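Read through the structure below, which is laid out as structure tokens, and then see the notes.
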Amino acid sequence: MTAAIHVTWRTRAVPLSPQAVAAAGPVAARLVDRLLTFTDDALTRLRGVAGPDLLVLTGESADLPWLDGVEYLGRDPLAPGLYIPTTLEPAPVAALLERALRQRAPQLAPPLALVSLAEKSHESDLHRPAPGDSHDSTRPPSSPPRDSHDSTLFVRPRLVSLADARPLVRARLRAWRGLA
Amino acid sequence: MTLSSLTDAAAAVRGALAVAGRGLVERDALLELVVLAAVAGEHLLVIGPPGTAKSAAVRRIARALGGNYFEYLLGRFTEPSEIFGPVDLRKLREGRVETETAGMLPEAEIAFLDEVFLGSTAILNALLGLLAERVFRRGHTTMRCPLRVCVGAANALPQEESLAAFADRFLVRVFVEPIPDARLEELLEQGFGAAQELDAPLASLAQLDVLGAAARNVDLEGVRPALAHAIRRLRGAGIALSDRRLVKIQRLVAAAAALAGRTRASDGDLWPIVAAVPTAAEQAQTRDTLRDLLQRSESGVLGAAAAESSLGPLVRAARIAGDADLLLARDPGIEPLAREAWRLKLEALAREIDASFRAEELPADAARVRAAIVERFAALDAAAPAPGPGGV
């Protein structure tokens, strides 16, 4: 058995620049609806991976969509292969956390995203248990990061591989939404 | 020096700052810190991407204050003569290497050196002496320089050790960012009119000198314990300032007091500590670490600089809220492209809020406009649903 990774989180003095956005459950569905109103040009500036109930998009800050309930992720300069919430700073430092996560989940190709889907969401729906996730790229980490000071910082953490992130295409978004 | 002459000088500088700020968006703090550095007898380094009005801001404050102004864009191949002046050929025939400094940096009272770290070793070495001692030495030329303040600019802080030592000569650091989307119209509107305002000086260097002399005589005795305590807290947070910076911070504190019309510094004059911290990340950390102390900041003249230095996230939240209020008050109209542009601007502000603050720590201003944005979008979507999945 692999030992747990004990991680504590605190608020960052300087938030990371957002380079990815994550959404789960109904928020992910609404995010796709919003994306479908974007032009093809705007869509191709974003790359993404999707599980049955989770969506993670990467792109330039100014291109990332906003919706109530999404979570923004950024990369600590010391851990460029790990996307973490822009407002949180892990201990041990991000570089060590990245290394530990890659050791625990060698099946997930980097870069990785650690999505918290935290209580900060303004969507009450997000607090429901997530549906089972069978997609290869969205698996729970072997050991969830915990915060000894504030248990609401990380709720239902998930580790996602962004290695297969591809430019967004309208047809795939529609298929993900179950539209013809 | 009388208190009234100090007050008059502060008022004149306030007027010059107000005029210099016209036509510039979000550069008030930069202008004010240039004045603070000038009064303190220090120099300022402004870091930011190209095209962020760094040179325009310095040019305008120089014009408003009067005095000889020198500006140059340095490159790797810039010759020392382009900065300091050519060698005097007549004197050279007599066997003396002297520099004709007329109209060049050694005779400038306010200077702006863009891409300052690209200067050659010869230029940087000569600059070191000029910045530190206000003395220009080259060949047989040795002259005292009337320089009040030199503003250096660069796109980023240098990484090389040798350049870092040179950069340390610039006590005051300002980090500028491009104007946010929500203020673009204001930028375009003000920028268009700005070129027409080539004012005569509103203050004089003599008034700046009055403030400088007052700053040198400011009583710092009462504020030193608080300053020392603040520095210990910064060290505890891992922010180490060089001894030179620690000593010189006192000049900035004294200048802040003088500019506020006071002859004794108080805790409210400690806000320039932030500007003396060398990196953007450490400045933000300083604001956070010293938040309780800096919230007592007060400055009758340097409002924007004091506010930016002291409040950090709160100022950011207030700025976002101000931008959002402007957009929310605007009727997006019925034209689809204009409506979408308006919506994207509001979404950009909401994104900045969500990427900058944890929900539990959201400042009241930001929480208010965030809720207003959510409500406005919900109402819009209910009234006229966004194009469905089959749209566009």
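A note on labels: chains of the structure tokens are A, B, ... as shown, every chain counts residues from 1, and ligands are counted from 1 in their shown order.
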Hey, which bits of chain A sit within 10 Å of chain B, and for each residue what's the closest pair of atoms and how far apart in Å (one decimal), counting only C-alpha atoms, rows by chain and increasing number, as JSON lines?
{"residue": "A:Thr11", "atom": "CA", "partner": "B:Arg358", "partner_atom": "CA", "distance": 7.6}
{"residue": "A:Arg12", "atom": "CA", "partner": "B:Gln285", "partner_atom": "CA", "distance": 9.0}
{"residue": "A:Ala13", "atom": "CA", "partner": "B:Gln285", "partner_atom": "CA", "distance": 5.4}
{"residue": "A:Val14", "atom": "CA", "partner": "B:Ala284", "partner_atom": "CA", "distance": 6.2}
{"residue": "A:Pro15", "atom": "CA", "partner": "B:Ser356", "partner_atom": "CA", "distance": 5.5}
{"residue": "A:Leu16", "atom": "CA", "partner": "B:Ala355", "partner_atom": "CA", "distance": 7.7}
{"residue": "A:Ser17", "atom": "CA", "partner": "B:Ala355", "partner_atom": "CA", "distance": 7.5}
{"residue": "A:Pro18", "atom": "CA", "partner": "B:Ala355", "partner_atom": "CA", "distance": 6.3}
{"residue": "A:Gln19", "atom": "CA", "partner": "B:Ala355", "partner_atom": "CA", "distance": 9.9}
{"residue": "A:Val21", "atom": "CA", "partner": "B:Ala355", "partner_atom": "CA", "distance": 9.5}
{"residue": "A:Val32", "atom": "CA", "partner": "B:Pro389", "partner_atom": "CA", "distance": 8.3}
{"residue": "A:Asp33", "atom": "CA", "partner": "B:Pro389", "partner_atom": "CA", "distance": 5.8}
{"residue": "A:Arg34", "atom": "CA", "partner": "B:Ala386", "partner_atom": "CA", "distance": 7.9}
{"residue": "A:Leu35", "atom": "CA", "partner": "B:Pro389", "partner_atom": "CA", "distance": 8.7}
{"residue": "A:Leu36", "atom": "CA", "partner": "B:Pro389", "partner_atom": "CA", "distance": 5.5}
{"residue": "A:Thr37", "atom": "CA", "partner": "B:Val392", "partner_atom": "CA", "distance": 5.8}
{"residue": "A:Phe38", "atom": "CA", "partner": "B:Val392", "partner_atom": "CA", "distance": 7.2}
{"residue": "A:Thr39", "atom": "CA", "partner": "B:Val392", "partner_atom": "CA", "distance": 6.8}
{"residue": "A:Asp40", "atom": "CA", "partner": "B:Val392", "partner_atom": "CA", "distance": 8.7}
{"residue": "A:Ser61", "atom": "CA", "partner": "B:Arg351", "partner_atom": "CA", "distance": 8.9}
{"residue": "A:Ala62", "atom": "CA", "partner": "B:Ala348", "partner_atom": "CA", "distance": 7.1}
{"residue": "A:Asp63", "atom": "CA", "partner": "B:Ala348", "partner_atom": "CA", "distance": 8.9}
{"residue": "A:Leu64", "atom": "CA", "partner": "B:Arg351", "partner_atom": "CA", "distance": 8.2}
{"residue": "A:Pro65", "atom": "CA", "partner": "B:Glu347", "partner_atom": "CA", "distance": 7.3}
{"residue": "A:Trp66", "atom": "CA", "partner": "B:Glu347", "partner_atom": "CA", "distance": 5.6}
{"residue": "A:Leu67", "atom": "CA", "partner": "B:Glu347", "partner_atom": "CA", "distance": 7.6}
{"residue": "A:Asp68", "atom": "CA", "partner": "B:Val374", "partner_atom": "CA", "distance": 7.0}
{"residue": "A:Gly69", "atom": "CA", "partner": "B:Asp354", "partner_atom": "CA", "distance": 9.1}
{"residue": "A:Val70", "atom": "CA", "partner": "B:Asp354", "partner_atom": "CA", "distance": 8.4}
{"residue": "A:Glu71", "atom": "CA", "partner": "B:Asp354", "partner_atom": "CA", "distance": 7.4}
{"residue": "A:Tyr72", "atom": "CA", "partner": "B:Ala355", "partner_atom": "CA", "distance": 5.6}
{"residue": "A:Leu73", "atom": "CA", "partner": "B:Ala355", "partner_atom": "CA", "distance": 7.8}
{"residue": "A:Gly74", "atom": "CA", "partner": "B:Ala355", "partner_atom": "CA", "distance": 8.9}
{"residue": "A:Pro85", "atom": "CA", "partner": "B:Ala355", "partner_atom": "CA", "distance": 8.1}
{"residue": "A:Thr86", "atom": "CA", "partner": "B:Ala355", "partner_atom": "CA", "distance": 5.7}
{"residue": "A:Thr87", "atom": "CA", "partner": "B:Ser356", "partner_atom": "CA", "distance": 6.0}
{"residue": "A:Leu88", "atom": "CA", "partner": "B:Arg358", "partner_atom": "CA", "distance": 8.2}
{"residue": "A:Ala118", "atom": "CA", "partner": "B:Ala359", "partner_atom": "CA", "distance": 9.7}
{"residue": "A:Glu119", "atom": "CA", "partner": "B:Ala359", "partner_atom": "CA", "distance": 8.4}
{"residue": "A:Lys120", "atom": "CA", "partner": "B:Ala359", "partner_atom": "CA", "distance": 4.9}
{"residue": "A:Ser121", "atom": "CA", "partner": "B:Ala359", "partner_atom": "CA", "distance": 7.4}
{"residue": "A:His122", "atom": "CA", "partner": "B:Ala359", "partner_atom": "CA", "distance": 8.3}
{"residue": "A:Thr152", "atom": "CA", "partner": "B:Glu360", "partner_atom": "CA", "distance": 9.7}
{"residue": "A:Leu153", "atom": "CA", "partner": "B:Arg358", "partner_atom": "CA", "distance": 8.9}
{"residue": "A:Arg170", "atom": "CA", "partner": "B:Pro389", "partner_atom": "CA", "distance": 9.1}
{"residue": "A:Leu173", "atom": "CA", "partner": "B:Pro389", "partner_atom": "CA", "distance": 8.9}
{"residue": "A:Arg174", "atom": "CA", "partner": "B:Pro389", "partner_atom": "CA", "distance": 6.8}
{"residue": "A:Arg177", "atom": "CA", "partner": "B:Pro389", "partner_atom": "CA", "distance": 8.7}
{"residue": "A:Leu179", "atom": "CA", "partner": "B:Pro389", "partner_atom": "CA", "distance": 7.8}
{"residue": "A:Ala180", "atom": "CA", "partner": "B:Gly390", "partner_atom": "CA", "distance": 9.4}
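Excluding Gly222 of chain B and any residue on its chain fewer than 6 positions from it, the residues at most 8 Å away by only C-alpha atoms are B:Arg264, B:Ala265, B:Ser266.
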Query raised in the report: What is the atom CA of Ala255 of chain B to atom CA of Leu270 of chain B distance in Å?
Result: 10.4 Å
Report task. Tell me, as a PyMOL selection string, which residues lie within 7 Å of Asp53 of chain A, counting only C-alpha atoms; anything in the same chain fewer than 5 positions away does not count. Result -> chain A and resi 24-25+28
Report task. Compile the contact shell of Ala163 of chain A as a list of chain:residue names: residues with an atom at most 10 Å away, counting only C-alpha atoms, same-chain residues fewer than 5 positions apart removed. Result -> A:Gly48, A:Val49, A:Leu108, A:Ala109, A:Pro110, A:Pro111, A:Leu112, A:Ser137
Report task. Mind listing the strand (DSSP E or B) residues of segment 115-293 of chain B, per DSSP on the backbone, as a ChimeraX atom specification? Result -> /B:135-138,141-144,149-154,172-175,219,264
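Interatomic distance, atom CA of Ala79 of chain A to atom CA of Pro178 of chain B: 26.2 Å.
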**Report entry** Surrounding residues of segment 131-134 of chain B excluding itself and chain neighbours under 5 positions, 7 Å, only C-alpha atoms, as a list of chain:residue names
**Finding:** B:Arg144, B:Cys145, B:Leu147
Write the residues of the preceding selection, restricted to C-alpha atoms, as a CSV table (one decimal), in the first residue's frame.
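This went into result38.csv:
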chain,number,residue,atom,x,y,z
B,144,ARG,CA,28.5,67.4,-10.2
B,145,CYS,CA,25.1,66.5,-11.7
B,147,LEU,CA,19.9,65.0,-11.4
Query - Expected answer as number ranges by chain: alpha helix (DSSP H) residues in segment 83-309 of chain B - result: B: 83-84, 89-93, 121-133, 161-167, 184-194, 205-216, 224-236, 243-259, 280-289, 291-294, 303-309
Output for the residues just chosen: C-alpha atoms as a compact mmCIF listing (two decimals), in the first residue's frame:
# COMPACT_ATOMS: atom_id res chain seq x y z
CA ILE B 83 24.15 59.10 -23.16
CA PHE B 84 26.85 61.27 -21.64
CA LEU B 89 37.60 67.27 -29.91
CA ARG B 90 39.23 70.67 -29.27
CA LYS B 91 40.27 69.57 -25.79
CA LEU B 92 41.39 66.24 -27.21
CA ARG B 93 43.91 68.07 -29.43
CA THR B 121 29.53 47.81 -19.12
CA ALA B 122 31.08 51.21 -19.84
CA ILE B 123 27.67 52.90 -19.69
CA LEU B 124 26.53 51.07 -16.57
CA ASN B 125 29.77 51.79 -14.73
CA ALA B 126 29.51 55.50 -15.48
CA LEU B 127 25.84 55.39 -14.49
CA LEU B 128 26.66 53.79 -11.15
CA GLY B 129 28.65 56.82 -10.07
CA LEU B 130 26.19 59.24 -11.51
CA LEU B 131 23.22 57.63 -9.76
CA ALA B 132 24.90 57.05 -6.41
CA GLU B 133 26.93 60.24 -6.02
CA GLU B 161 24.34 38.89 -10.70
CA SER B 162 26.28 41.84 -12.12
CA LEU B 163 23.14 43.58 -13.32
CA ALA B 164 21.31 42.84 -10.09
CA ALA B 165 23.91 44.91 -8.25
CA PHE B 166 23.30 47.78 -10.66
CA ALA B 167 19.53 47.36 -10.32
CA LEU B 184 -9.86 50.17 -22.69
CA GLU B 185 -12.44 52.74 -23.73
CA GLU B 186 -11.15 55.10 -21.06
CA LEU B 187 -7.60 54.49 -22.24
CA LEU B 188 -8.51 55.24 -25.86
CA GLU B 189 -10.54 58.29 -24.97
CA GLN B 190 -7.99 59.80 -22.61
CA GLY B 191 -5.04 58.80 -24.75
CA PHE B 192 -6.50 60.61 -27.75
CA GLY B 193 -6.82 63.88 -25.85
CA ALA B 194 -3.54 63.59 -24.01
CA LEU B 205 12.16 72.02 -9.34
CA ALA B 206 12.71 74.66 -6.66
CA GLN B 207 9.52 73.46 -4.99
CA LEU B 208 10.70 69.89 -5.34
CA ASP B 209 13.94 70.97 -3.68
CA VAL B 210 11.98 72.58 -0.84
CA LEU B 211 10.32 69.23 -0.25
CA GLY B 212 13.66 67.45 -0.57
CA ALA B 213 15.23 69.72 2.04
CA ALA B 214 12.23 69.22 4.30
CA ALA B 215 12.54 65.45 3.88
CA ARG B 216 16.17 65.53 5.00
CA ARG B 224 11.90 53.92 13.85
CA PRO B 225 10.54 51.30 16.31
CA ALA B 226 7.58 50.63 14.01
CA LEU B 227 9.90 50.51 10.99
CA ALA B 228 12.23 48.04 12.70
CA HIS B 229 9.26 45.92 13.75
CA ALA B 230 7.97 45.92 10.17
CA ILE B 231 11.36 44.82 8.85
CA ARG B 232 11.53 41.98 11.39
CA ARG B 233 8.11 40.81 10.26
CA LEU B 234 9.25 40.89 6.64
CA ARG B 235 12.34 38.87 7.51
CA GLY B 236 10.12 36.41 9.33
CA ASP B 243 21.21 46.61 4.45
CA ARG B 244 21.53 49.44 1.93
CA ARG B 245 17.82 49.22 1.18
CA LEU B 246 16.89 49.04 4.84
CA VAL B 247 18.76 52.25 5.60
CA LYS B 248 17.48 54.03 2.52
CA ILE B 249 13.86 53.16 3.18
CA GLN B 250 14.05 55.86 5.84
CA ARG B 251 14.57 58.43 3.09
CA LEU B 252 11.36 57.32 1.44
CA VAL B 253 9.48 57.47 4.73
CA ALA B 254 10.84 60.96 5.35
CA ALA B 255 9.86 62.01 1.82
CA ALA B 256 6.35 60.66 2.37
CA ALA B 257 6.06 62.74 5.53
CA ALA B 258 7.36 65.87 3.78
CA LEU B 259 4.98 65.40 0.88
CA ALA B 280 6.49 42.09 -7.64
CA ALA B 281 5.79 38.87 -5.77
CA GLU B 282 7.58 40.09 -2.66
CA GLN B 283 5.78 43.42 -2.85
CA ALA B 284 2.46 41.58 -2.80
CA GLN B 285 3.69 39.45 0.08
CA THR B 286 4.79 42.62 1.91
CA ARG B 287 1.33 44.14 1.52
CA ASP B 288 -0.12 40.98 2.97
CA THR B 289 2.39 40.65 5.82
CA ARG B 291 -1.53 44.78 6.07
CA ASP B 292 -2.51 45.91 9.56
CA LEU B 293 0.33 48.42 9.75
CA LEU B 294 -0.07 49.73 6.22
CA GLY B 303 -3.07 59.00 -2.57
CA ALA B 304 -2.84 56.35 -5.29
CA ALA B 305 0.65 55.21 -4.37
CA ALA B 306 -0.21 54.98 -0.69
CA ALA B 307 -3.40 53.12 -1.45
CA GLU B 308 -1.72 50.66 -3.80
CA SER B 309 1.08 50.08 -1.36
Requested in this report: Name all residues at most 10 Å from Val93 of chain A (count only C-alpha atoms; drop same-chain ones fewer than 5 positions away) and give them as a PyMOL selection string.
Outcome: chain A and resi 7-9+76+78-79+98
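Using only C-alpha atoms, the smallest distance between any of A:Ala29, A:Ile5, A:Ala91, A:Ala113 and Ala165 of chain A comes from A:Ala113.
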